[in-house]
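Take a look at the structure set out below.
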Amino acid sequence: MANYSLADIKALREKTGAGMMDVKKALEEAEGDSDKALEIIRVKGLKGVSKREGRSASDGLVAAEVVTAGDGADEVGVIVEVNSETDFVAKNATFITLAEKVLATAVASGARDADALLAADAEGKSLQEVVDETAAVLGEKVVVRRVARVAGEKVSVYLHKVNKDLPPQVGVLVATDAKGAEVARDIATHIAAFSPAYLTRDEVPAETVENERRIAEETARNEGKPEAALPKIVEGRLTGYFKDVVLLDQPFAKDSKKSVAQVLAEVGGTVTGFVRFRVGA
């Protein structure tokens, strides 16, 4: 009997969207190796189609602000995620005020990770102390999960409410040159919807590309495709993978006949960086 547990089955189902029996068979074939089982599911075409947003692990909000850099030449965008246990607390005025304080502290301190941010000064106390005090008032666990910064000639921010009754749960920062700023807002909304992982193909790790190429080839062989056609099929599927995860390759949300790269080319602009937060993802 393969060495896997009910927790392994549940985790793999949540990752792939595959059925219970398909997951169990994959784990048995992989002798309990979850990573290998995931590959087996992908090769056999069992992976669920909904993969961009994933499942939120908690409630809370994202908040962001754009400020002028110290030398005045560039802009800096700062984004934070603050989590609560329930959506009831996420929309509470006390929690929202705390999130504003977390963001202000992130901007002032220059912190680049949650630990540094929590250690930063917030009105004479560490931010961690402020968070703990607020959590005691709210009666729920409150977590400052992450912070990120993006700098560029121009930085645009987009915050999206998944539920109109709750604070924003998706936040995007996009850094561009001056010309790119013309379409930055539209690109930010695109990023919020399509969740790219990389800006360019060059940023995708070589081992990831090679793994995708291998999976594409195994999938094509599984489907009985002619040997002579495999190279073209594999490259086509690899291009499809890039369209999934690379911002500049993705079909533009407002006009799918164009890529994001083409939209930028039309205004002579460039995106130099971006970050996307989704609460719990």
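Identifiers for the structure tokens are assigned positionally: chains receive A, B, ... in sequence, residues are indexed from 1 per chain, and ligands are indexed from 1 in the order shown.
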- Query: Taking the backbone alone, and naming residues the way the document does, which bits of range 43-258 of chain A are helix (DSSP H, G or I) by DSSP, as a PyMOL selection string?
  - Reply: chain A and resi 43+87-90+93-109+114-119+127-138+181-194+201-203+206-222+227-245+247-249
Using only C-alpha atoms, I'd like a table of the residues in range 137-237 of chain A that come within 7 Å of range 83-102 of chain A; for each, show the closest atom pair and its distance in Å rounded to one decimal, ordered by chain and ascending number, as CSV.
```
residue,atom,partner,partner_atom,distance
A:Glu140,CA,A:Glu85,CA,6.3
A:Lys141,CA,A:Ser84,CA,6.2
A:Val142,CA,A:Ser84,CA,4.9
A:Val143,CA,A:Asn83,CA,5.0
A:Val144,CA,A:Asn83,CA,6.3
A:Arg145,CA,A:Asn83,CA,6.7
A:Leu166,CA,A:Lys91,CA,5.5
A:Pro167,CA,A:Lys91,CA,6.2
```
- Task: Tell me which protein, DNA and RNA residues are within 12 Å of Phe194 in chain A, counting only C-alpha atoms, leaving out same-chain ones fewer than 5 positions away, and put them as a PyMOL selection string.
- Result: chain A and resi 50-54+170+172+187-189+243-254+260+276+278
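Among A:Gly152, A:Pro231, A:Gly110, A:Gly273, the residue with the shortest atom-to-atom distance to Glu203 in chain A, counting only C-alpha atoms, is A:Gly273.
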- Message: With DSSP run on the backbone, what are the strand (DSSP E) residues within range 78-278 of chain A? I'd like them as an NGL selection string.
- Response: :A and (78-84 or 121-122 or 125-126 or 143-152 or 154-160 or 170-176 or 251-252 or 255-259 or 271-278)
- Excluding range 62-77 of chain A and any residue of its chain fewer than 2 positions from it, enumerate the residues within 7 Å of it, using only C-alpha atoms, and give them as a ChimeraX atom specification. /A:79-82,103,149-155,168-171,173,279
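With only C-alpha atoms as the atoms that count, the minimum distance from Phe242 in chain A to the choices A:Val209, A:Leu6, A:Ala120, A:Ala148 is reached by A:Val209.
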- Would you mind listing what lies within 12 Å of Arg221 in chain A as JSON, numbers by chain, with only C-alpha atoms counted and same-chain residues fewer than 3 positions away left out? {"A": [43, 44, 214, 215, 216, 217, 218, 224, 225, 226, 227, 228, 229, 230, 231, 233, 234]}
Next, write the just-selected residues to a file, as a PDB file, in the first residue's frame, keeping N, CA, C and O atoms as the atom set.
```pdb
ATOM      1  N   VAL A  43      -0.319  15.195 -16.590  1.00  0.00           N
ATOM      2  CA  VAL A  43      -0.084  14.466 -17.833  1.00  0.00           C
ATOM      3  C   VAL A  43      -1.369  13.823 -18.340  1.00  0.00           C
ATOM      4  O   VAL A  43      -1.652  13.788 -19.530  1.00  0.00           O
ATOM      5  N   LYS A  44      -2.176  13.309 -17.436  1.00  0.00           N
ATOM      6  CA  LYS A  44      -3.402  12.621 -17.816  1.00  0.00           C
ATOM      7  C   LYS A  44      -4.571  13.573 -18.048  1.00  0.00           C
ATOM      8  O   LYS A  44      -5.695  13.148 -18.279  1.00  0.00           O
ATOM      9  N   ARG A 214       8.907  18.842 -20.611  1.00  0.00           N
ATOM     10  CA  ARG A 214       8.835  17.398 -20.405  1.00  0.00           C
ATOM     11  C   ARG A 214       7.392  16.934 -20.204  1.00  0.00           C
ATOM     12  O   ARG A 214       6.967  15.932 -20.787  1.00  0.00           O
ATOM     13  N   ILE A 215       6.636  17.682 -19.393  1.00  0.00           N
ATOM     14  CA  ILE A 215       5.235  17.330 -19.154  1.00  0.00           C
ATOM     15  C   ILE A 215       4.427  17.419 -20.447  1.00  0.00           C
ATOM     16  O   ILE A 215       3.582  16.562 -20.737  1.00  0.00           O
ATOM     17  N   ALA A 216       4.710  18.454 -21.255  1.00  0.00           N
ATOM     18  CA  ALA A 216       4.001  18.611 -22.529  1.00  0.00           C
ATOM     19  C   ALA A 216       4.281  17.429 -23.449  1.00  0.00           C
ATOM     20  O   ALA A 216       3.381  16.920 -24.133  1.00  0.00           O
ATOM     21  N   GLU A 217       5.518  16.986 -23.466  1.00  0.00           N
ATOM     22  CA  GLU A 217       5.874  15.849 -24.322  1.00  0.00           C
ATOM     23  C   GLU A 217       5.210  14.563 -23.827  1.00  0.00           C
ATOM     24  O   GLU A 217       4.658  13.787 -24.628  1.00  0.00           O
ATOM     25  N   GLU A 218       5.240  14.327 -22.521  1.00  0.00           N
ATOM     26  CA  GLU A 218       4.607  13.126 -21.969  1.00  0.00           C
ATOM     27  C   GLU A 218       3.103  13.139 -22.216  1.00  0.00           C
ATOM     28  O   GLU A 218       2.500  12.098 -22.523  1.00  0.00           O
ATOM     29  N   GLY A 224      -1.313   9.882 -27.815  1.00  0.00           N
ATOM     30  CA  GLY A 224      -1.078   9.141 -29.056  1.00  0.00           C
ATOM     31  C   GLY A 224      -0.695  10.006 -30.241  1.00  0.00           C
ATOM     32  O   GLY A 224      -0.902   9.610 -31.400  1.00  0.00           O
ATOM     33  N   LYS A 225      -0.128  11.179 -29.991  1.00  0.00           N
ATOM     34  CA  LYS A 225       0.278  12.058 -31.088  1.00  0.00           C
ATOM     35  C   LYS A 225       1.444  11.441 -31.861  1.00  0.00           C
ATOM     36  O   LYS A 225       2.286  10.750 -31.291  1.00  0.00           O
ATOM     37  N   PRO A 226       1.515  11.686 -33.184  1.00  0.00           N
ATOM     38  CA  PRO A 226       2.607  11.145 -34.006  1.00  0.00           C
ATOM     39  C   PRO A 226       3.966  11.657 -33.520  1.00  0.00           C
ATOM     40  O   PRO A 226       4.101  12.823 -33.162  1.00  0.00           O
ATOM     41  N   GLU A 227       4.953  10.784 -33.546  1.00  0.00           N
ATOM     42  CA  GLU A 227       6.291  11.141 -33.075  1.00  0.00           C
ATOM     43  C   GLU A 227       6.847  12.355 -33.806  1.00  0.00           C
ATOM     44  O   GLU A 227       7.456  13.241 -33.207  1.00  0.00           O
ATOM     45  N   ALA A 228       6.624  12.405 -35.113  1.00  0.00           N
ATOM     46  CA  ALA A 228       7.173  13.503 -35.913  1.00  0.00           C
ATOM     47  C   ALA A 228       6.561  14.851 -35.545  1.00  0.00           C
ATOM     48  O   ALA A 228       7.178  15.901 -35.748  1.00  0.00           O
ATOM     49  N   ALA A 229       5.350  14.809 -35.006  1.00  0.00           N
ATOM     50  CA  ALA A 229       4.662  16.061 -34.675  1.00  0.00           C
ATOM     51  C   ALA A 229       4.990  16.556 -33.270  1.00  0.00           C
ATOM     52  O   ALA A 229       4.635  17.677 -32.907  1.00  0.00           O
ATOM     53  N   LEU A 230       5.665  15.736 -32.462  1.00  0.00           N
ATOM     54  CA  LEU A 230       5.887  16.075 -31.058  1.00  0.00           C
ATOM     55  C   LEU A 230       6.615  17.403 -30.851  1.00  0.00           C
ATOM     56  O   LEU A 230       6.186  18.204 -30.003  1.00  0.00           O
ATOM     57  N   PRO A 231       7.730  17.684 -31.549  1.00  0.00           N
ATOM     58  CA  PRO A 231       8.434  18.952 -31.291  1.00  0.00           C
ATOM     59  C   PRO A 231       7.539  20.183 -31.453  1.00  0.00           C
ATOM     60  O   PRO A 231       7.560  21.081 -30.612  1.00  0.00           O
ATOM     61  N   ILE A 233       4.229  20.272 -31.327  1.00  0.00           N
ATOM     62  CA  ILE A 233       3.174  20.242 -30.310  1.00  0.00           C
ATOM     63  C   ILE A 233       3.714  20.731 -28.963  1.00  0.00           C
ATOM     64  O   ILE A 233       3.081  21.520 -28.260  1.00  0.00           O
ATOM     65  N   VAL A 234       4.910  20.245 -28.624  1.00  0.00           N
ATOM     66  CA  VAL A 234       5.523  20.631 -27.350  1.00  0.00           C
ATOM     67  C   VAL A 234       5.773  22.135 -27.301  1.00  0.00           C
ATOM     68  O   VAL A 234       5.468  22.801 -26.300  1.00  0.00           O
TER      69      VAL A 234
END
```
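Considering only C-alpha atoms, the residue among A:Lys164, A:Gly124, A:Ala261, A:Arg213 positioned nearest to Gly236 in chain A is A:Arg213.
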- Between CA of Phe274 in chain A and CA of Leu199 in chain A, distance in Å (one decimal): 7.6 Å
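Nearest to Thr272 in chain A of all the residues A:Val137, A:Val130, A:Ala184, A:Met20 is A:Ala184, based on only C-alpha atoms.
Our summary of the geometry notes that CA of Thr105 in chain A is positioned 6.2 Å from CA of Ala122 in chain A.
Minimum atom-to-atom distance to Ala181 in chain A, evaluated using only C-alpha atoms, belongs to A:Val267 out of A:Val267, A:Glu129, A:Glu123, A:Lys257.
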